[in-house]
Structure formats: C-alpha cells, structure tokens
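Enquirer: Structure supplied as work_35.pdb; contents: PDB, C-alpha atoms, pLDDT in the B column.
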ATOM      1  CA  MET S   1     -15.913   2.143   7.233  1.00 54.00           C
ATOM      2  CA  ASN S   2     -12.672   0.785   8.652  1.00 56.00           C
ATOM      3  CA  LYS S   3     -14.122  -1.313  11.480  1.00 60.00           C
ATOM      4  CA  VAL S   4     -16.081  -4.550  11.667  1.00 65.00           C
ATOM      5  CA  GLY S   5     -19.040  -4.217  13.994  1.00 60.00           C
ATOM      6  CA  SER S   6     -22.738  -3.564  14.395  1.00 59.00           C
ATOM      7  CA  LEU S   7     -24.481  -0.378  13.436  1.00 59.00           C
ATOM      8  CA  TYR S   8     -25.871   1.176  16.612  1.00 58.00           C
ATOM      9  CA  PHE S   9     -27.355   4.503  17.679  1.00 60.00           C
ATOM     10  CA  ASP S  10     -25.863   6.255  20.710  1.00 62.00           C
ATOM     11  CA  GLY S  11     -28.738   8.730  21.008  1.00 69.00           C
ATOM     12  CA  LYS S  12     -27.176  11.277  18.688  1.00 73.00           C
ATOM     13  CA  GLN S  13     -25.581   9.449  15.797  1.00 66.00           C
ATOM     14  CA  PHE S  14     -25.001   6.021  14.283  1.00 62.00           C
ATOM     15  CA  LEU S  15     -21.661   4.430  15.180  1.00 61.00           C
ATOM     16  CA  ILE S  16     -19.712   1.225  14.553  1.00 57.00           C
ATOM     17  CA  GLY S  17     -18.448  -0.258  17.810  1.00 51.00           C
ATOM     18  CA  PRO S  18     -16.773  -0.428  20.184  1.00 39.00           C
ATOM     19  CA  SER S  19     -20.207  -0.786  21.796  1.00 34.00           C
ATOM     20  CA  ALA S  20     -21.358  -3.176  19.101  1.00 38.00           C
ATOM     21  CA  CYS S  21     -24.355  -5.329  19.967  1.00 41.00           C
ATOM     22  CA  MET S  22     -22.925  -8.814  20.006  1.00 41.00           C
ATOM     23  CA  GLU S  23     -26.256 -10.593  19.549  1.00 41.00           C
ATOM     24  CA  HIS S  24     -26.318  -9.249  15.997  1.00 41.00           C
ATOM     25  CA  LEU S  25     -22.740 -10.356  15.421  1.00 42.00           C
ATOM     26  CA  HIS S  26     -23.546 -13.952  16.417  1.00 41.00           C
ATOM     27  CA  PHE S  27     -21.377 -13.741  19.537  1.00 39.00           C
ATOM     28  CA  MET S  28     -24.161 -14.747  21.891  1.00 39.00           C
ATOM     29  CA  GLY S  29     -26.966 -17.241  21.577  1.00 41.00           C
ATOM     30  CA  ASP S  30     -29.474 -15.584  23.896  1.00 43.00           C
ATOM     31  CA  ASN S  31     -31.661 -12.525  23.462  1.00 41.00           C
ATOM     32  CA  LYS S  32     -29.760 -10.213  25.790  1.00 42.00           C
ATOM     33  CA  ALA S  33     -27.714  -7.230  24.678  1.00 42.00           C
ATOM     34  CA  HIS S  34     -23.981  -7.818  24.978  1.00 42.00           C
ATOM     35  CA  PHE S  35     -21.279  -5.317  24.235  1.00 44.00           C
ATOM     36  CA  GLY S  36     -17.759  -5.817  23.014  1.00 51.00           C
ATOM     37  CA  PRO S  37     -15.099  -4.420  20.716  1.00 58.00           C
ATOM     38  CA  ALA S  38     -15.217  -3.531  17.075  1.00 68.00           C
ATOM     39  CA  PHE S  39     -12.528  -5.228  14.990  1.00 73.00           C
ATOM     40  CA  ASP S  40      -9.954  -4.044  12.477  1.00 73.00           C
ATOM     41  CA  SER S  41      -9.973  -7.358  10.616  1.00 78.00           C
ATOM     42  CA  ILE S  42     -12.782  -9.647   9.505  1.00 82.00           C
ATOM     43  CA  LYS S  43     -10.504 -12.636  10.165  1.00 84.00           C
ATOM     44  CA  ASP S  44      -9.973 -11.501  13.764  1.00 81.00           C
ATOM     45  CA  PHE S  45     -13.708 -10.992  14.121  1.00 80.00           C
ATOM     46  CA  HIS S  46     -14.576 -14.510  12.962  1.00 84.00           C
ATOM     47  CA  LEU S  47     -11.832 -16.226  14.967  1.00 86.00           C
ATOM     48  CA  HIS S  48     -12.825 -14.330  18.118  1.00 82.00           C
ATOM     49  CA  ASN S  49     -16.439 -15.269  17.463  1.00 79.00           C
ATOM     50  CA  ILE S  50     -15.566 -18.962  17.052  1.00 84.00           C
ATOM     51  CA  ALA S  51     -13.346 -18.997  20.153  1.00 84.00           C
ATOM     52  CA  ASN S  52     -16.248 -17.578  22.184  1.00 78.00           C
ATOM     53  CA  LYS S  53     -18.568 -20.254  20.841  1.00 78.00           C
ATOM     54  CA  ILE S  54     -16.147 -23.047  21.716  1.00 79.00           C
ATOM     55  CA  ARG S  55     -15.773 -21.683  25.265  1.00 78.00           C
ATOM     56  CA  ARG S  56     -19.549 -21.739  25.703  1.00 72.00           C
ATOM     57  CA  ILE S  57     -20.102 -25.202  24.255  1.00 68.00           C
ATOM     58  CA  LYS S  58     -22.848 -27.142  25.975  1.00 63.00           C
ATOM     59  CA  ASP S  59     -23.432 -29.817  23.360  1.00 60.00           C
ATOM     60  CA  GLY S  60     -20.006 -31.423  23.628  1.00 71.00           C
ATOM     61  CA  GLU S  61     -17.464 -32.712  21.184  1.00 78.00           C
ATOM     62  CA  GLU S  62     -19.518 -32.495  17.989  1.00 80.00           C
ATOM     63  CA  VAL S  63     -19.916 -28.726  18.258  1.00 80.00           C
ATOM     64  CA  GLU S  64     -16.258 -28.213  19.143  1.00 84.00           C
ATOM     65  CA  LEU S  65     -15.074 -30.260  16.166  1.00 88.00           C
ATOM     66  CA  SER S  66     -17.365 -28.344  13.825  1.00 88.00           C
ATOM     67  CA  PHE S  67     -16.185 -24.933  14.978  1.00 89.00           C
ATOM     68  CA  LEU S  68     -12.524 -25.990  14.892  1.00 92.00           C
ATOM     69  CA  MET S  69     -13.075 -26.900  11.251  1.00 94.00           C
ATOM     70  CA  ILE S  70     -14.821 -23.589  10.554  1.00 94.00           C
ATOM     71  CA  ALA S  71     -11.893 -21.708  12.131  1.00 94.00           C
ATOM     72  CA  ASP S  72      -9.558 -23.617   9.817  1.00 95.00           C
ATOM     73  CA  ILE S  73     -11.705 -22.590   6.850  1.00 95.00           C
ATOM     74  CA  VAL S  74     -11.646 -18.924   7.928  1.00 93.00           C
ATOM     75  CA  HIS S  75      -7.867 -19.047   7.418  1.00 93.00           C
ATOM     76  CA  ILE S  76      -8.483 -20.379   3.896  1.00 93.00           C
ATOM     77  CA  LEU S  77     -11.070 -17.726   3.061  1.00 92.00           C
ATOM     78  CA  TYR S  78      -8.857 -14.960   4.457  1.00 88.00           C
ATOM     79  CA  PRO S  79      -5.313 -16.283   3.868  1.00 85.00           C
ATOM     80  CA  ASP S  80      -3.633 -12.887   3.989  1.00 76.00           C
ATOM     81  CA  GLU S  81      -4.558 -10.841   7.041  1.00 66.00           C
ATOM     82  CA  ARG S  82      -4.026  -7.612   5.136  1.00 60.00           C
ATOM     83  CA  ARG S  83      -6.658  -8.616   2.592  1.00 59.00           C
ATOM     84  CA  SER S  84      -9.281  -8.965   5.296  1.00 63.00           C
ATOM     85  CA  LYS S  85      -8.878  -5.409   6.563  1.00 65.00           C
ATOM     86  CA  GLY S  86     -11.126  -2.505   5.605  1.00 68.00           C
ATOM     87  CA  PRO S  87     -12.798  -0.796   4.062  1.00 75.00           C
ATOM     88  CA  PHE S  88     -15.854  -2.686   5.277  1.00 78.00           C
ATOM     89  CA  PHE S  89     -19.340  -2.483   3.859  1.00 81.00           C
ATOM     90  CA  MET S  90     -22.809  -2.266   5.356  1.00 78.00           C
ATOM     91  CA  CYS S  91     -24.657  -5.570   5.256  1.00 78.00           C
ATOM     92  CA  HIS S  92     -28.408  -5.663   5.845  1.00 74.00           C
ATOM     93  CA  PRO S  93     -29.333  -8.866   7.709  1.00 68.00           C
ATOM     94  CA  ASP S  94     -32.600  -9.383   5.835  1.00 71.00           C
ATOM     95  CA  ALA S  95     -32.452  -7.656   2.450  1.00 70.00           C
ATOM     96  CA  LYS S  96     -35.771  -8.647   0.916  1.00 70.00           C
ATOM     97  CA  GLY S  97     -38.575  -6.920  -0.921  1.00 71.00           C
ATOM     98  CA  ASP S  98     -40.588  -5.497   1.966  1.00 75.00           C
ATOM     99  CA  HIS S  99     -37.468  -3.885   3.454  1.00 77.00           C
ATOM    100  CA  ILE S 100     -36.694  -1.945   0.270  1.00 78.00           C
ATOM    101  CA  LEU S 101     -38.840   1.099  -0.514  1.00 82.00           C
ATOM    102  CA  ILE S 102     -38.652   2.724  -3.944  1.00 83.00           C
ATOM    103  CA  HIS S 103     -40.294   5.960  -5.028  1.00 84.00           C
ATOM    104  CA  GLY S 104     -39.286   7.413  -8.370  1.00 87.00           C
ATOM    105  CA  ASP S 105     -35.500   7.596  -8.464  1.00 86.00           C
ATOM    106  CA  LYS S 106     -35.133   7.288  -4.683  1.00 84.00           C
ATOM    107  CA  ALA S 107     -34.704   4.107  -2.640  1.00 80.00           C
ATOM    108  CA  TRP S 108     -34.671   3.399   1.094  1.00 80.00           C
ATOM    109  CA  LEU S 109     -33.694   0.426   3.238  1.00 76.00           C
ATOM    110  CA  ILE S 110     -35.758  -0.067   6.382  1.00 78.00           C
ATOM    111  CA  ASP S 111     -35.663  -2.371   9.423  1.00 75.00           C
ATOM    112  CA  LEU S 112     -31.941  -1.939   9.997  1.00 69.00           C
ATOM    113  CA  THR S 113     -31.884  -3.923  13.253  1.00 67.00           C
ATOM    114  CA  GLY S 114     -28.879  -6.200  13.089  1.00 65.00           C
ATOM    115  CA  THR S 115     -27.174  -4.309  10.272  1.00 71.00           C
ATOM    116  CA  TRP S 116     -23.427  -4.659  10.478  1.00 72.00           C
ATOM    117  CA  PHE S 117     -20.217  -3.910   8.606  1.00 75.00           C
ATOM    118  CA  THR S 118     -18.181  -6.699   7.078  1.00 81.00           C
ATOM    119  CA  SER S 119     -15.959  -7.657   4.140  1.00 82.00           C
ATOM    120  CA  ALA S 120     -17.021  -7.080   0.546  1.00 85.00           C
ATOM    121  CA  GLN S 121     -17.165 -10.852   0.014  1.00 87.00           C
ATOM    122  CA  GLU S 122     -19.718 -11.317   2.782  1.00 85.00           C
ATOM    123  CA  ALA S 123     -21.639  -8.095   2.202  1.00 86.00           C
ATOM    124  CA  PHE S 124     -22.152  -8.574  -1.532  1.00 89.00           C
ATOM    125  CA  ALA S 125     -22.859 -12.281  -1.792  1.00 89.00           C
ATOM    126  CA  ALA S 126     -26.455 -12.734  -2.912  1.00 89.00           C
ATOM    127  CA  PRO S 127     -29.066 -11.801  -0.270  1.00 84.00           C
ATOM    128  CA  ASP S 128     -30.694 -14.696   1.572  1.00 81.00           C
ATOM    129  CA  ALA S 129     -34.020 -13.860  -0.062  1.00 83.00           C
ATOM    130  CA  LEU S 130     -32.576 -15.022  -3.406  1.00 89.00           C
ATOM    131  CA  ILE S 131     -31.205 -18.365  -2.187  1.00 90.00           C
ATOM    132  CA  ASP S 132     -32.678 -21.558  -3.603  1.00 92.00           C
ATOM    133  CA  VAL S 133     -33.482 -22.761  -0.089  1.00 89.00           C
ATOM    134  CA  ARG S 134     -33.930 -26.477  -0.799  1.00 92.00           C
ATOM    135  CA  ALA S 135     -30.760 -26.751  -2.869  1.00 93.00           C
ATOM    136  CA  PHE S 136     -28.757 -24.666  -0.383  1.00 91.00           C
ATOM    137  CA  TYR S 137     -29.724 -26.815   2.592  1.00 88.00           C
ATOM    138  CA  ASN S 138     -29.075 -29.947   0.557  1.00 92.00           C
ATOM    139  CA  GLY S 139     -25.466 -28.800   0.228  1.00 92.00           C
ATOM    140  CA  SER S 140     -25.431 -27.263  -3.245  1.00 93.00           C
ATOM    141  CA  ASN S 141     -22.737 -24.678  -3.917  1.00 93.00           C
ATOM    142  CA  GLU S 142     -24.329 -23.655  -7.210  1.00 94.00           C
ATOM    143  CA  LEU S 143     -26.172 -20.380  -7.655  1.00 95.00           C
ATOM    144  CA  GLY S 144     -29.935 -20.677  -7.657  1.00 94.00           C
ATOM    145  CA  PRO S 145     -31.990 -19.216 -10.539  1.00 95.00           C
ATOM    146  CA  ALA S 146     -32.752 -15.974  -8.673  1.00 94.00           C
ATOM    147  CA  GLU S 147     -29.093 -15.523  -7.700  1.00 95.00           C
ATOM    148  CA  THR S 148     -28.035 -16.083 -11.305  1.00 96.00           C
ATOM    149  CA  ASP S 149     -30.572 -13.520 -12.528  1.00 96.00           C
ATOM    150  CA  PHE S 150     -29.298 -11.089  -9.896  1.00 94.00           C
ATOM    151  CA  ALA S 151     -25.697 -11.459 -11.096  1.00 96.00           C
ATOM    152  CA  VAL S 152     -26.764 -10.979 -14.723  1.00 96.00           C
ATOM    153  CA  THR S 153     -28.753  -7.866 -13.792  1.00 96.00           C
ATOM    154  CA  LEU S 154     -25.832  -6.360 -11.870  1.00 94.00           C
ATOM    155  CA  ALA S 155     -23.535  -6.923 -14.844  1.00 96.00           C
ATOM    156  CA  ARG S 156     -26.085  -5.404 -17.225  1.00 96.00           C
ATOM    157  CA  LEU S 157     -26.328  -2.341 -14.967  1.00 94.00           C
ATOM    158  CA  HIS S 158     -22.539  -1.919 -15.167  1.00 95.00           C
ATOM    159  CA  HIS S 159     -21.671  -3.313 -11.735  1.00 94.00           C
ATOM    160  CA  PRO S 160     -19.256  -6.091 -12.753  1.00 95.00           C
ATOM    161  CA  LEU S 161     -17.533  -6.309  -9.353  1.00 93.00           C
ATOM    162  CA  LEU S 162     -20.850  -6.760  -7.548  1.00 93.00           C
ATOM    163  CA  ALA S 163     -21.864  -9.393 -10.094  1.00 95.00           C
ATOM    164  CA  GLN S 164     -18.573 -11.191  -9.468  1.00 95.00           C
ATOM    165  CA  HIS S 165     -19.202 -11.240  -5.714  1.00 94.00           C
ATOM    166  CA  VAL S 166     -22.604 -12.851  -6.269  1.00 94.00           C
ATOM    167  CA  ARG S 167     -21.111 -15.493  -8.569  1.00 94.00           C
ATOM    168  CA  LYS S 168     -17.934 -16.281  -6.621  1.00 93.00           C
ATOM    169  CA  ASP S 169     -18.670 -15.704  -2.942  1.00 92.00           C
ATOM    170  CA  LYS S 170     -21.044 -18.552  -2.106  1.00 92.00           C
ATOM    171  CA  PRO S 171     -18.601 -19.874   0.560  1.00 93.00           C
ATOM    172  CA  PHE S 172     -18.764 -16.551   2.418  1.00 91.00           C
ATOM    173  CA  GLN S 173     -22.558 -16.686   2.310  1.00 89.00           C
ATOM    174  CA  ARG S 174     -22.501 -20.216   3.743  1.00 91.00           C
ATOM    175  CA  LEU S 175     -19.973 -19.217   6.406  1.00 90.00           C
ATOM    176  CA  GLN S 176     -22.405 -16.622   7.748  1.00 85.00           C
ATOM    177  CA  HIS S 177     -25.158 -19.233   7.985  1.00 85.00           C
ATOM    178  CA  LEU S 178     -22.951 -21.680   9.864  1.00 86.00           C
ATOM    179  CA  LEU S 179     -21.847 -19.013  12.336  1.00 82.00           C
ATOM    180  CA  ALA S 180     -25.411 -17.964  13.103  1.00 74.00           C
ATOM    181  CA  GLY S 181     -25.904 -20.539  15.874  1.00 62.00           C
ATOM    182  CA  ASP S 182     -24.124 -22.345  18.684  1.00 55.00           C
ATOM    183  CA  SER S 183     -25.938 -25.673  18.895  1.00 57.00           C
ATOM    184  CA  LEU S 184     -26.182 -28.646  16.591  1.00 61.00           C
ATOM    185  CA  HIS S 185     -29.857 -29.494  16.974  1.00 66.00           C
ATOM    186  CA  ASP S 186     -29.506 -31.756  13.934  1.00 74.00           C
ATOM    187  CA  PRO S 187     -25.807 -32.678  13.581  1.00 78.00           C
ATOM    188  CA  GLU S 188     -26.267 -34.549  10.317  1.00 82.00           C
ATOM    189  CA  GLN S 189     -28.055 -31.601   8.689  1.00 82.00           C
ATOM    190  CA  TRP S 190     -25.386 -29.236  10.057  1.00 85.00           C
ATOM    191  CA  TRP S 191     -22.737 -31.486   8.500  1.00 91.00           C
ATOM    192  CA  VAL S 192     -24.350 -31.109   5.059  1.00 92.00           C
ATOM    193  CA  GLY S 193     -23.736 -27.357   5.213  1.00 91.00           C
ATOM    194  CA  LEU S 194     -20.280 -27.678   6.753  1.00 94.00           C
ATOM    195  CA  ARG S 195     -19.245 -30.284   4.175  1.00 96.00           C
ATOM    196  CA  ALA S 196     -20.525 -28.009   1.395  1.00 95.00           C
ATOM    197  CA  LEU S 197     -18.451 -25.128   2.766  1.00 95.00           C
ATOM    198  CA  ALA S 198     -15.386 -27.383   2.951  1.00 96.00           C
ATOM    199  CA  LEU S 199     -15.890 -28.545  -0.635  1.00 96.00           C
ATOM    200  CA  GLY S 200     -16.424 -24.956  -1.759  1.00 95.00           C
ATOM    201  CA  VAL S 201     -12.987 -23.915  -0.487  1.00 95.00           C
ATOM    202  CA  GLY S 202     -11.164 -27.132  -1.427  1.00 95.00           C
ATOM    203  CA  TYR S 203     -10.665 -28.326   2.155  1.00 95.00           C
ATOM    204  CA  ALA S 204      -8.288 -31.298   2.036  1.00 94.00           C
ATOM    205  CA  GLY S 205      -9.660 -34.639   3.198  1.00 94.00           C
ATOM    206  CA  VAL S 206     -13.374 -33.921   2.726  1.00 96.00           C
ATOM    207  CA  ASN S 207     -15.389 -35.462  -0.104  1.00 95.00           C
ATOM    208  CA  GLU S 208     -19.004 -35.295  -1.261  1.00 94.00           C
ATOM    209  CA  SER S 209     -19.938 -38.718   0.088  1.00 94.00           C
ATOM    210  CA  MET S 210     -18.400 -38.270   3.553  1.00 96.00           C
ATOM    211  CA  SER S 211     -21.009 -38.990   6.230  1.00 95.00           C
ATOM    212  CA  TRP S 212     -21.246 -37.189   9.556  1.00 93.00           C
ATOM    213  CA  ASP S 213     -19.756 -40.194  11.382  1.00 94.00           C
ATOM    214  CA  GLU S 214     -16.864 -40.268   8.912  1.00 96.00           C
ATOM    215  CA  GLY S 215     -16.524 -36.511   9.260  1.00 94.00           C
ATOM    216  CA  LYS S 216     -16.265 -36.754  13.045  1.00 92.00           C
ATOM    217  CA  SER S 217     -13.541 -39.391  12.779  1.00 93.00           C
ATOM    218  CA  PHE S 218     -11.669 -37.255  10.264  1.00 95.00           C
ATOM    219  CA  LEU S 219     -11.919 -34.144  12.456  1.00 93.00           C
ATOM    220  CA  ARG S 220     -10.927 -35.996  15.643  1.00 92.00           C
ATOM    221  CA  PHE S 221      -7.768 -37.148  13.905  1.00 92.00           C
ATOM    222  CA  LYS S 222      -7.076 -33.748  12.338  1.00 93.00           C
ATOM    223  CA  PHE S 223      -7.472 -31.780  15.560  1.00 90.00           C
ATOM    224  CA  SER S 224      -6.249 -34.519  17.942  1.00 86.00           C
ATOM    225  CA  VAL S 225      -9.519 -34.607  19.887  1.00 73.00           C
ATOM    226  CA  GLU S 226     -10.279 -37.749  21.871  1.00 69.00           C
ATOM    227  CA  PRO S 227     -13.836 -39.164  21.474  1.00 63.00           C
TER     228      PRO S 227
END
Represent the supplied structure as structure tokens.
Expert:
Amino acid sequence: MNKVGSLYFDGKQFLIGPSACMEHLHFMGDNKAHFGPAFDSIKDFHLHNIANKIRRIKDGEEVELSFLMIADIVHILYPDERRSKGPFFMCHPDAKGDHILIHGDKAWLIDLTGTWFTSAQEAFAAPDALIDVRAFYNGSNELGPAETDFAVTLARLHHPLLAQHVRKDKPFQRLQHLLAGDSLHDPEQWWVGLRALALGVGYAGVNESMSWDEGKSFLRFKFSVEP
C-alpha cells in the first residue's frame, strides 16, 4: 500500500482512505466515527494527528507540552521525509493468540476492526501481547523475554529484517502508545513513558532521573511556553 490510513469496507471492497475512520487512527478521543484524509507520509500523519490533539486540549499546559515534545521526537524518528513514505504495511491493532487462527498450513487473522496501514517500523515492532507490561510501563526500553523469543524465532525462520524490527523499533512501539490518548489522567505516569521514548531516541536534555516537574520546566523553556 502507498497510503497511511485505516482499512475500511465501502460495501464492495476494502479500501485505505480517504474515508479512513479517524477513531482508529487516534485522531479523536470519543466513540464517534470521523472521516478524514489518507496520508502519503507517516510523518505527515503523526504531525497532523498531534496538531489535532493540541487544538482539542482540555487539560491545559501539561498536555500541550507533552505533545509538542512528541512532535519533536517524530522528526527524530523520521528525519528524512522520503524515508517515511510508502510502501506501508498492515498493522493489526490487537495481534494476540485468539485473533490468529491456524489450520494445517493455513492461517487467518480475525477481528480486523481498527486495522491500519503504517510504516514498517511501527507495523513490525513486537505486538502488544508480547510486551513485558510492568517493565514497559516502568519506562524500560529493553525487550521483554517474549519479545526476545519472538525476534529469535523470526531470525531462525529466515526473516532477519522482521527480527531486526522487533529488536530495534521499541521507540516506534512506544510512540503508538503515547499517541493513543488525549488526556493525562496521571501526568507523572505519562511522563515515565514519554521520558523513556526521549531516552530511546537520544533526545537532548532529558535524563533518566528527570522528574515530571523538572520535565515541565525543561519543556517550558524549550518551547517558550509560559506557565
């Protein structure tokens, strides 16, 4: 595919945008169906997404600062616009055991609601079902045991590029998690994930011991936002 967007059915066939369901692309925080364009670039998609979130901010400065930082990190993850263009790959939003059916030498994926097309880095990072949840939400950028086993298995089955994505693309996996919501219900917990993403991409000025209050001061100065 050469477009970023949701998989949707128009009554006759499956298509990718321009009538992509935005709720599955994290553009909207409610449960209504919203429609918008498909994108030629994953960088454009993320930056448009973040700009929409900032425009809809209800929680104030803390959310704005966080999303400004994430936008900055998107430029680090996709430094060359040409590298973030297609082809794009289908990404199942919940690739776990009960959504994968195997019979003999045939396999099926089911429950495709929310499936979308994205970059190889985001599509082929380890599925959420393999994340070491406690370590991930405590800010670890290391692969969990199941993710490590997955990478080893892919390499053994002669899929070295897929194995490399699992091993190297943890920041892209974390980016998707951070873009999944609009509100900071627990700002300090949110900061743990955002700080981990920043450390994972070598974001200047952020260190492992930086608290949320220190982070806010740093981001206010960086983006010239008054408290």
Enquirer: Tell me, in Å to one decimal, how far CA of Gly60 in chain S is from CA of Gly193 in chain S.
Expert: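 One can read the CA of Gly60 in chain S to CA of Gly193 in chain S distance as 19.2 Å.
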Enquirer: Carefully work through the PyMOL selection byres ((chain S and resi 123-129) around 10) for this structure and note down the residues it includes, as a ChimeraX atom specification.
Expert: /S:88-97,116-122,130-133,143-144,146-148,150-151,161-174,177
Enquirer: Once you have the residues from the selection above, write them out as a PDB file, in the frame of the given file, restricted to C-alpha atoms.
Expert:
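Once everything was written out, this is selection-v7.pdb:
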ATOM      1  CA  PHE S  88     -15.854  -2.686   5.277  1.00 78.00           C
ATOM      2  CA  PHE S  89     -19.340  -2.483   3.859  1.00 81.00           C
ATOM      3  CA  MET S  90     -22.809  -2.266   5.356  1.00 78.00           C
ATOM      4  CA  CYS S  91     -24.657  -5.570   5.256  1.00 78.00           C
ATOM      5  CA  HIS S  92     -28.408  -5.663   5.845  1.00 74.00           C
ATOM      6  CA  PRO S  93     -29.333  -8.866   7.709  1.00 68.00           C
ATOM      7  CA  ASP S  94     -32.600  -9.383   5.835  1.00 71.00           C
ATOM      8  CA  ALA S  95     -32.452  -7.656   2.450  1.00 70.00           C
ATOM      9  CA  LYS S  96     -35.771  -8.647   0.916  1.00 70.00           C
ATOM     10  CA  GLY S  97     -38.575  -6.920  -0.921  1.00 71.00           C
ATOM     11  CA  TRP S 116     -23.427  -4.659  10.478  1.00 72.00           C
ATOM     12  CA  PHE S 117     -20.217  -3.910   8.606  1.00 75.00           C
ATOM     13  CA  THR S 118     -18.181  -6.699   7.078  1.00 81.00           C
ATOM     14  CA  SER S 119     -15.959  -7.657   4.140  1.00 82.00           C
ATOM     15  CA  ALA S 120     -17.021  -7.080   0.546  1.00 85.00           C
ATOM     16  CA  GLN S 121     -17.165 -10.852   0.014  1.00 87.00           C
ATOM     17  CA  GLU S 122     -19.718 -11.317   2.782  1.00 85.00           C
ATOM     18  CA  LEU S 130     -32.576 -15.022  -3.406  1.00 89.00           C
ATOM     19  CA  ILE S 131     -31.205 -18.365  -2.187  1.00 90.00           C
ATOM     20  CA  ASP S 132     -32.678 -21.558  -3.603  1.00 92.00           C
ATOM     21  CA  VAL S 133     -33.482 -22.761  -0.089  1.00 89.00           C
ATOM     22  CA  LEU S 143     -26.172 -20.380  -7.655  1.00 95.00           C
ATOM     23  CA  GLY S 144     -29.935 -20.677  -7.657  1.00 94.00           C
ATOM     24  CA  ALA S 146     -32.752 -15.974  -8.673  1.00 94.00           C
ATOM     25  CA  GLU S 147     -29.093 -15.523  -7.700  1.00 95.00           C
ATOM     26  CA  THR S 148     -28.035 -16.083 -11.305  1.00 96.00           C
ATOM     27  CA  PHE S 150     -29.298 -11.089  -9.896  1.00 94.00           C
ATOM     28  CA  ALA S 151     -25.697 -11.459 -11.096  1.00 96.00           C
ATOM     29  CA  LEU S 161     -17.533  -6.309  -9.353  1.00 93.00           C
ATOM     30  CA  LEU S 162     -20.850  -6.760  -7.548  1.00 93.00           C
ATOM     31  CA  ALA S 163     -21.864  -9.393 -10.094  1.00 95.00           C
ATOM     32  CA  GLN S 164     -18.573 -11.191  -9.468  1.00 95.00           C
ATOM     33  CA  HIS S 165     -19.202 -11.240  -5.714  1.00 94.00           C
ATOM     34  CA  VAL S 166     -22.604 -12.851  -6.269  1.00 94.00           C
ATOM     35  CA  ARG S 167     -21.111 -15.493  -8.569  1.00 94.00           C
ATOM     36  CA  LYS S 168     -17.934 -16.281  -6.621  1.00 93.00           C
ATOM     37  CA  ASP S 169     -18.670 -15.704  -2.942  1.00 92.00           C
ATOM     38  CA  LYS S 170     -21.044 -18.552  -2.106  1.00 92.00           C
ATOM     39  CA  PRO S 171     -18.601 -19.874   0.560  1.00 93.00           C
ATOM     40  CA  PHE S 172     -18.764 -16.551   2.418  1.00 91.00           C
ATOM     41  CA  GLN S 173     -22.558 -16.686   2.310  1.00 89.00           C
ATOM     42  CA  ARG S 174     -22.501 -20.216   3.743  1.00 91.00           C
ATOM     43  CA  HIS S 177     -25.158 -19.233   7.985  1.00 85.00           C
TER      44      HIS S 177
END
Enquirer: Rounded to one decimal place, report the CA of Ala135 in chain S-CA of Arg220 in chain S distance in Å.
Expert: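 Between CA of Ala135 in chain S and CA of Arg220 in chain S the gap works out to 28.7 Å.
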Enquirer: Grab the CA of Leu219 in chain S to CA of Phe39 in chain S distance for me, in Å with one decimal place.
Expert: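 CA of Phe39 in chain S lies 29.0 Å from CA of Leu219 in chain S.
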Enquirer: When distances are computed from all atoms listed in the file, which of S:Leu109, S:Val63, S:Leu68, S:Leu178 shows the smallest separation from Val192 in chain S?
Expert: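 Smallest distance to Val192 in chain S is found for S:Leu178.
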Enquirer: With the file shown as input, list the residues that the PyMOL selection byres ((chain S and resi 50) around 9) selects, as a PyMOL selection string.
Expert: chain S and resi 27+45-49+51-55+67-68+70-71+179
